[in-house]
file protein-v4.cif (mmCIF, C-alpha atoms)
data_my_file
#
loop_
_atom_site.label_atom_id
_atom_site.label_comp_id
_atom_site.auth_asym_id
_atom_site.auth_seq_id
_atom_site.Cartn_x
_atom_site.Cartn_y
_atom_site.Cartn_z
CA MET S 1 10.79 -20.04 -17.27
CA ASN S 2 8.32 -21.35 -14.69
CA ASP S 3 5.03 -19.71 -13.66
CA LEU S 4 6.50 -18.13 -10.52
CA ALA S 5 9.36 -16.54 -12.46
CA ARG S 6 6.96 -15.19 -15.08
CA THR S 7 4.66 -13.82 -12.40
CA TYR S 8 7.60 -12.20 -10.62
CA GLU S 9 8.88 -10.60 -13.79
CA ALA S 10 5.46 -9.24 -14.74
CA GLU S 11 4.08 -8.27 -11.33
CA TYR S 12 6.99 -7.27 -9.08
CA PRO S 13 7.12 -3.60 -10.18
CA VAL S 14 3.34 -3.36 -9.97
CA ILE S 15 3.24 -4.79 -6.44
CA VAL S 16 6.07 -2.47 -5.34
CA ARG S 17 4.20 0.57 -6.70
CA PHE S 18 0.97 -0.57 -5.02
CA ALA S 19 2.69 -1.17 -1.66
CA GLU S 20 4.46 2.19 -1.80
CA GLY S 21 1.12 3.84 -2.44
CA ILE S 22 -0.45 2.15 0.58
CA LEU S 23 2.55 3.04 2.73
CA ALA S 24 2.49 6.65 1.46
CA GLY S 25 6.13 7.29 2.30
CA HIS S 26 6.08 5.37 5.59
CA GLY S 27 7.92 2.24 4.50
CA ASP S 28 9.58 0.40 1.66
CA GLY S 29 7.39 -1.09 -1.06
CA HIS S 30 10.24 -3.36 -2.18
CA ASP S 31 10.28 -5.07 1.22
CA ILE S 32 6.52 -5.63 1.07
CA ALA S 33 6.68 -6.97 -2.50
CA GLN S 34 9.54 -9.33 -1.68
CA GLU S 35 7.67 -10.68 1.33
CA ALA S 36 4.52 -11.17 -0.76
CA PHE S 37 6.45 -13.13 -3.40
CA LEU S 38 8.15 -15.24 -0.73
CA ARG S 39 4.74 -16.15 0.61
CA LEU S 40 3.48 -16.89 -2.90
CA GLN S 41 6.30 -19.37 -3.48
CA GLY S 42 4.98 -21.99 -1.09
CA SER S 43 1.31 -21.07 -1.15
CA GLY S 44 0.04 -23.35 -3.88
CA VAL S 45 -1.95 -20.50 -5.43
CA PRO S 46 -2.68 -21.23 -9.10
CA ALA S 47 -0.81 -19.02 -11.58
CA GLU S 48 -4.02 -17.47 -12.91
CA ARG S 49 -4.95 -16.20 -9.40
CA ALA S 50 -1.45 -15.20 -8.31
CA ARG S 51 -1.78 -11.54 -9.32
CA PHE S 52 -4.89 -10.97 -7.23
CA TRP S 53 -3.47 -12.99 -4.35
CA LEU S 54 -0.31 -10.86 -4.41
CA PHE S 55 -2.31 -7.63 -4.21
CA ARG S 56 -4.27 -8.96 -1.24
CA VAL S 57 -1.14 -10.11 0.60
CA ALA S 58 0.75 -6.88 -0.21
CA ARG S 59 -2.16 -4.81 1.09
CA ASN S 60 -2.27 -6.78 4.33
CA LEU S 61 1.51 -6.57 4.79
CA ALA S 62 1.49 -2.82 4.13
CA LEU S 63 -1.34 -2.26 6.61
CA ASN S 64 0.57 -4.30 9.19
CA GLU S 65 3.65 -2.16 8.54
CA LEU S 66 1.63 1.02 9.05
CA ARG S 67 0.29 -0.32 12.35
CA ARG S 68 3.81 -1.32 13.42
CA ARG S 69 5.12 2.16 12.64
CA GLN S 70 2.25 3.77 14.57
CA ARG S 71 3.11 1.67 17.62
CA LEU S 72 6.79 2.54 17.23
CA GLU S 73 5.97 6.24 16.95
CA ARG S 74 3.89 6.11 20.12
CA PHE S 75 6.81 4.36 21.81
CA ARG S 76 9.23 7.07 20.61
CA VAL S 77 6.96 9.78 21.98
CA LEU S 78 6.78 8.09 25.37
CA PHE S 79 10.47 7.15 25.56
CA PRO S 80 12.46 9.43 23.23
CA TRP S 81 15.80 8.70 24.91
CA ILE S 82 15.50 4.98 24.04
CA ALA S 83 14.47 5.34 20.41
CA GLY S 84 17.61 7.23 19.36
CA PRO S 85 17.96 9.55 16.39
CA PRO S 86 16.15 8.77 13.13
CA ASN S 87 18.27 7.12 10.47
CA PRO S 88 19.05 9.03 7.24
CA TYR S 89 16.76 6.79 5.19
CA GLU S 90 13.73 7.78 7.26
CA THR S 91 14.70 11.44 7.02
CA ALA S 92 14.92 11.23 3.21
CA GLU S 93 11.55 9.48 3.07
CA ARG S 94 9.98 12.28 5.08
CA ARG S 95 11.33 14.88 2.66
CA GLU S 96 9.97 12.96 -0.32
CA SER S 97 6.53 12.66 1.24
CA ALA S 98 6.31 16.45 1.32
CA GLN S 99 5.04 16.40 -2.23
CA ARG S 100 1.47 17.61 -2.23
CA LEU S 101 -0.29 14.73 -3.93
CA ARG S 102 1.52 12.09 -1.99
CA ALA S 103 0.82 13.92 1.23
CA CYS S 104 -2.86 14.18 0.41
CA LEU S 105 -2.99 10.54 -0.62
CA GLY S 106 -1.30 9.64 2.63
CA ARG S 107 -4.05 11.32 4.61
CA LEU S 108 -6.62 8.99 3.14
CA PRO S 109 -7.49 5.99 5.30
CA ALA S 110 -5.48 2.97 4.12
CA GLU S 111 -8.65 1.02 3.32
CA LEU S 112 -9.61 3.77 0.87
CA ARG S 113 -6.14 4.11 -0.60
CA ALA S 114 -5.94 0.48 -1.73
CA PRO S 115 -8.89 0.48 -4.15
CA LEU S 116 -7.97 3.96 -5.42
CA LEU S 117 -4.41 2.89 -6.22
CA LEU S 118 -5.55 -0.31 -7.89
CA ARG S 119 -8.03 1.60 -10.03
CA GLU S 120 -5.96 4.66 -10.92
CA TRP S 121 -2.38 3.33 -10.95
CA GLU S 122 -2.98 -0.26 -12.00
CA SER S 123 -6.09 0.35 -14.16
CA MET S 124 -7.93 -2.59 -12.63
CA SER S 125 -11.64 -3.09 -13.18
CA TYR S 126 -14.05 -3.02 -10.25
CA SER S 127 -14.32 -6.80 -10.31
CA GLN S 128 -10.52 -7.21 -10.33
CA ILE S 129 -10.22 -4.84 -7.38
CA ALA S 130 -12.96 -6.72 -5.51
CA LEU S 131 -11.15 -9.98 -6.14
CA SER S 132 -7.79 -8.54 -5.07
CA LEU S 133 -9.13 -7.01 -1.85
CA ASP S 134 -11.60 -9.79 -1.10
CA VAL S 135 -14.60 -7.42 -0.93
CA THR S 136 -17.78 -6.92 -2.93
CA ILE S 137 -17.98 -4.78 -6.06
CA ALA S 138 -20.43 -2.51 -4.22
CA LYS S 139 -17.82 -1.92 -1.50
CA VAL S 140 -15.20 -1.14 -4.15
CA LYS S 141 -17.49 1.45 -5.76
CA SER S 142 -18.36 2.98 -2.40
CA ASP S 143 -14.72 3.12 -1.27
CA LEU S 144 -13.61 4.62 -4.59
CA PHE S 145 -16.28 7.32 -4.35
CA ARG S 146 -15.26 8.18 -0.78
CA ALA S 147 -11.53 8.10 -1.61
CA ARG S 148 -11.93 10.40 -4.61
CA GLN S 149 -14.13 12.76 -2.65
CA GLN S 150 -11.65 12.99 0.24
CA LEU S 151 -8.66 13.36 -2.10
CA ARG S 152 -10.41 16.10 -4.08
CA GLU S 153 -11.14 17.98 -0.84
CA ALA S 154 -7.56 17.58 0.39
CA MET S 155 -6.13 18.80 -2.93
CA ARG S 156 -8.38 21.88 -3.06
CA PRO S 157 -6.26 25.05 -2.63
CA ARG S 158 -6.84 26.80 0.67
#
call {"tool": "encode", "arguments": {"input": "protein-v4.cif", "output": "structure tokens"}}
result
Amino acid sequence: MNDLARTYEAEYPVIVRFAEGILAGHGDGHDIAQEAFLRLQGSGVPAERARFWLFRVARNLALNELRRRQRLERFRVLFPWIAGPPNPYETAERRESAQRLRACLGRLPAELRAPLLLREWESMSYSQIALSLDVTIAKVKSDLFRARQQLREAMRPR
């Protein structure tokens, strides 16, 4: 088994989970993960850095997908007769995202979601998160504090 196959086997479910967290019900984490691994294949990234590289690429792809969906939604609002009815997959995704935690997580800014998901779901250290997101450790700590604070406020019963 080569390095790429080992990395895929070990990291694919993790990258999917991370991407789905960033997308917060507004896309498919499997698509993001597959695209990240396709890009890894020809990148020349050393095996020991592949995991962090994948998180960075998956984050960027997920943020791009969120921006694309925002543009599409604005287009649908302006021209509803062109956009057509939503497909059943999107409808099911909307129902799933009704869960309270996911909804609250989804309200966090995407740049705060990424470090929170890496820390809480993937149990990464601050330095690993900084390496994955290409930011400083101080930024990771600051973003984690802000993300937790905003999530705590959103989860508070009204």
call {"tool": "residues_around", "arguments": {"input": "protein-v4.cif", "residues": "stretch 30-34 of chain S", "least_positions_apart": "4", "cutoff": "7 Å", "atoms": "only C-alpha atoms", "output": "mmCIF file with C-alpha atoms, in the coordinates of the input"}}
result
data_model
loop_
_atom_site.group_PDB
_atom_site.id
_atom_site.type_symbol
_atom_site.label_atom_id
_atom_site.label_comp_id
_atom_site.auth_asym_id
_atom_site.auth_seq_id
_atom_site.Cartn_x
_atom_site.Cartn_y
_atom_site.Cartn_z
ATOM 1 C CA TYR S 12 6.990 -7.270 -9.080
ATOM 2 C CA ILE S 15 3.240 -4.790 -6.440
ATOM 3 C CA VAL S 16 6.070 -2.470 -5.340
ATOM 4 C CA ALA S 19 2.690 -1.170 -1.660
ATOM 5 C CA LEU S 38 8.150 -15.240 -0.730
ATOM 6 C CA ALA S 58 0.750 -6.880 -0.210
ATOM 7 C CA LEU S 61 1.510 -6.570 4.790
ATOM 8 C CA ALA S 62 1.490 -2.820 4.130
#
call {"tool": "closest_residue", "arguments": {"input": "protein-v4.cif", "among": "S:Arg6, S:Tyr126, S:Arg113, S:Ala154", "to": "S:Ala138", "atoms": "only C-alpha atoms"}}
result
S:Tyr126
call {"tool": "resolve_selection", "arguments": {"input": "protein-v4.cif", "expression": "the PyMOL selection byres ((chain S and resi 60) around 12)", "output": "PyMOL selection string"}}
result
chain S and resi 18-19+22-23+32-33+35-36+53-59+61-67+110-111+114+132-134
call {"tool": "atom_distance", "arguments": {"input": "protein-v4.cif", "atom1": "atom CA of S:Ser142", "atom2": "atom CA of S:Arg17"}}
result
23.1 Å
call {"tool": "atom_distance", "arguments": {"input": "protein-v4.cif", "atom1": "atom CA of S:Arg119", "atom2": "atom CA of S:Arg100"}}
result
20.2 Å
call {"tool": "resolve_selection", "arguments": {"input": "protein-v4.cif", "expression": "the PyMOL selection byres ((chain S and resi 104-106) around 12)", "output": "PyMOL selection string"}}
result
chain S and resi 20-27+66+94+97-103+107-114+116-117+147-157
call {"tool": "atom_distance", "arguments": {"input": "protein-v4.cif", "atom1": "atom CA of S:Ala50", "atom2": "atom CA of S:Thr7"}}
result
7.5 Å
call {"tool": "resolve_selection", "arguments": {"input": "protein-v4.cif", "expression": "the PyMOL selection byres ((chain S and resi 141) around 10)", "output": "NGL selection string"}}
result
:S and (115-116 or 126-127 or 129-130 or 136-140 or 142-147)
call {"tool": "build_atoms", "arguments": {"input": "protein-v4.cif", "residues": "stretch 99-121 of chain S", "atoms": "N, CA, C and O atoms", "output": "short mmCIF file (atom, residue, chain, number, x, y, z; two decimals), in the coordinates of the input"}}
result
data_model
loop_
_atom_site.label_atom_id
_atom_site.label_comp_id
_atom_site.auth_asym_id
_atom_site.auth_seq_id
_atom_site.Cartn_x
_atom_site.Cartn_y
_atom_site.Cartn_z
N GLN S 99 5.75 16.09 -0.99
CA GLN S 99 5.04 16.40 -2.23
C GLN S 99 3.54 16.41 -1.96
O GLN S 99 3.02 15.55 -1.25
N ARG S 100 2.88 17.36 -2.56
CA ARG S 100 1.47 17.61 -2.23
C ARG S 100 0.55 16.42 -2.48
O ARG S 100 -0.23 16.05 -1.61
N LEU S 101 0.62 15.83 -3.63
CA LEU S 101 -0.29 14.73 -3.93
C LEU S 101 -0.05 13.56 -3.02
O LEU S 101 -1.00 12.98 -2.48
N ARG S 102 1.20 13.22 -2.85
CA ARG S 102 1.52 12.09 -1.99
C ARG S 102 1.07 12.35 -0.57
O ARG S 102 0.58 11.45 0.10
N ALA S 103 1.25 13.58 -0.12
CA ALA S 103 0.82 13.92 1.23
C ALA S 103 -0.69 13.79 1.36
O ALA S 103 -1.19 13.24 2.35
N CYS S 104 -1.40 14.28 0.37
CA CYS S 104 -2.86 14.18 0.41
C CYS S 104 -3.32 12.73 0.33
O CYS S 104 -4.24 12.32 1.03
N LEU S 105 -2.66 11.96 -0.51
CA LEU S 105 -2.99 10.54 -0.62
C LEU S 105 -2.72 9.84 0.70
O LEU S 105 -3.48 8.99 1.14
N GLY S 106 -1.65 10.23 1.34
CA GLY S 106 -1.30 9.64 2.63
C GLY S 106 -2.29 9.92 3.73
O GLY S 106 -2.37 9.18 4.69
N ARG S 107 -3.05 11.00 3.60
CA ARG S 107 -4.05 11.32 4.61
C ARG S 107 -5.32 10.49 4.46
O ARG S 107 -6.16 10.45 5.35
N LEU S 108 -5.46 9.87 3.31
CA LEU S 108 -6.62 8.99 3.14
C LEU S 108 -6.48 7.77 4.03
O LEU S 108 -5.37 7.26 4.22
N PRO S 109 -7.58 7.25 4.55
CA PRO S 109 -7.49 5.99 5.30
C PRO S 109 -6.94 4.88 4.38
O PRO S 109 -7.26 4.84 3.20
N ALA S 110 -6.13 4.02 4.92
CA ALA S 110 -5.48 2.97 4.12
C ALA S 110 -6.49 2.10 3.39
O ALA S 110 -6.24 1.69 2.25
N GLU S 111 -7.65 1.86 3.99
CA GLU S 111 -8.65 1.02 3.32
C GLU S 111 -9.28 1.72 2.13
O GLU S 111 -9.85 1.07 1.27
N LEU S 112 -9.14 3.05 2.05
CA LEU S 112 -9.61 3.77 0.87
C LEU S 112 -8.50 3.93 -0.16
O LEU S 112 -8.77 4.03 -1.36
N ARG S 113 -7.28 3.97 0.31
CA ARG S 113 -6.14 4.11 -0.60
C ARG S 113 -6.01 2.91 -1.51
O ARG S 113 -5.72 3.04 -2.70
N ALA S 114 -6.17 1.71 -0.96
CA ALA S 114 -5.94 0.48 -1.73
C ALA S 114 -6.79 0.42 -3.00
O ALA S 114 -6.25 0.26 -4.10
N PRO S 115 -8.11 0.56 -2.90
CA PRO S 115 -8.89 0.48 -4.15
C PRO S 115 -8.58 1.64 -5.11
O PRO S 115 -8.57 1.45 -6.32
N LEU S 116 -8.29 2.82 -4.57
CA LEU S 116 -7.97 3.96 -5.42
C LEU S 116 -6.68 3.71 -6.21
O LEU S 116 -6.61 3.95 -7.41
N LEU S 117 -5.66 3.18 -5.54
CA LEU S 117 -4.41 2.89 -6.22
C LEU S 117 -4.57 1.79 -7.26
O LEU S 117 -4.01 1.89 -8.36
N LEU S 118 -5.33 0.77 -6.93
CA LEU S 118 -5.55 -0.31 -7.89
C LEU S 118 -6.31 0.19 -9.11
O LEU S 118 -6.01 -0.22 -10.24
N ARG S 119 -7.24 1.08 -8.91
CA ARG S 119 -8.03 1.60 -10.03
C ARG S 119 -7.23 2.60 -10.86
O ARG S 119 -7.16 2.50 -12.08
N GLU S 120 -6.61 3.57 -10.21
CA GLU S 120 -5.96 4.66 -10.92
C GLU S 120 -4.55 4.33 -11.38
O GLU S 120 -4.16 4.74 -12.47
N TRP S 121 -3.76 3.63 -10.58
CA TRP S 121 -2.38 3.33 -10.95
C TRP S 121 -2.26 2.03 -11.72
O TRP S 121 -1.42 1.90 -12.60
#
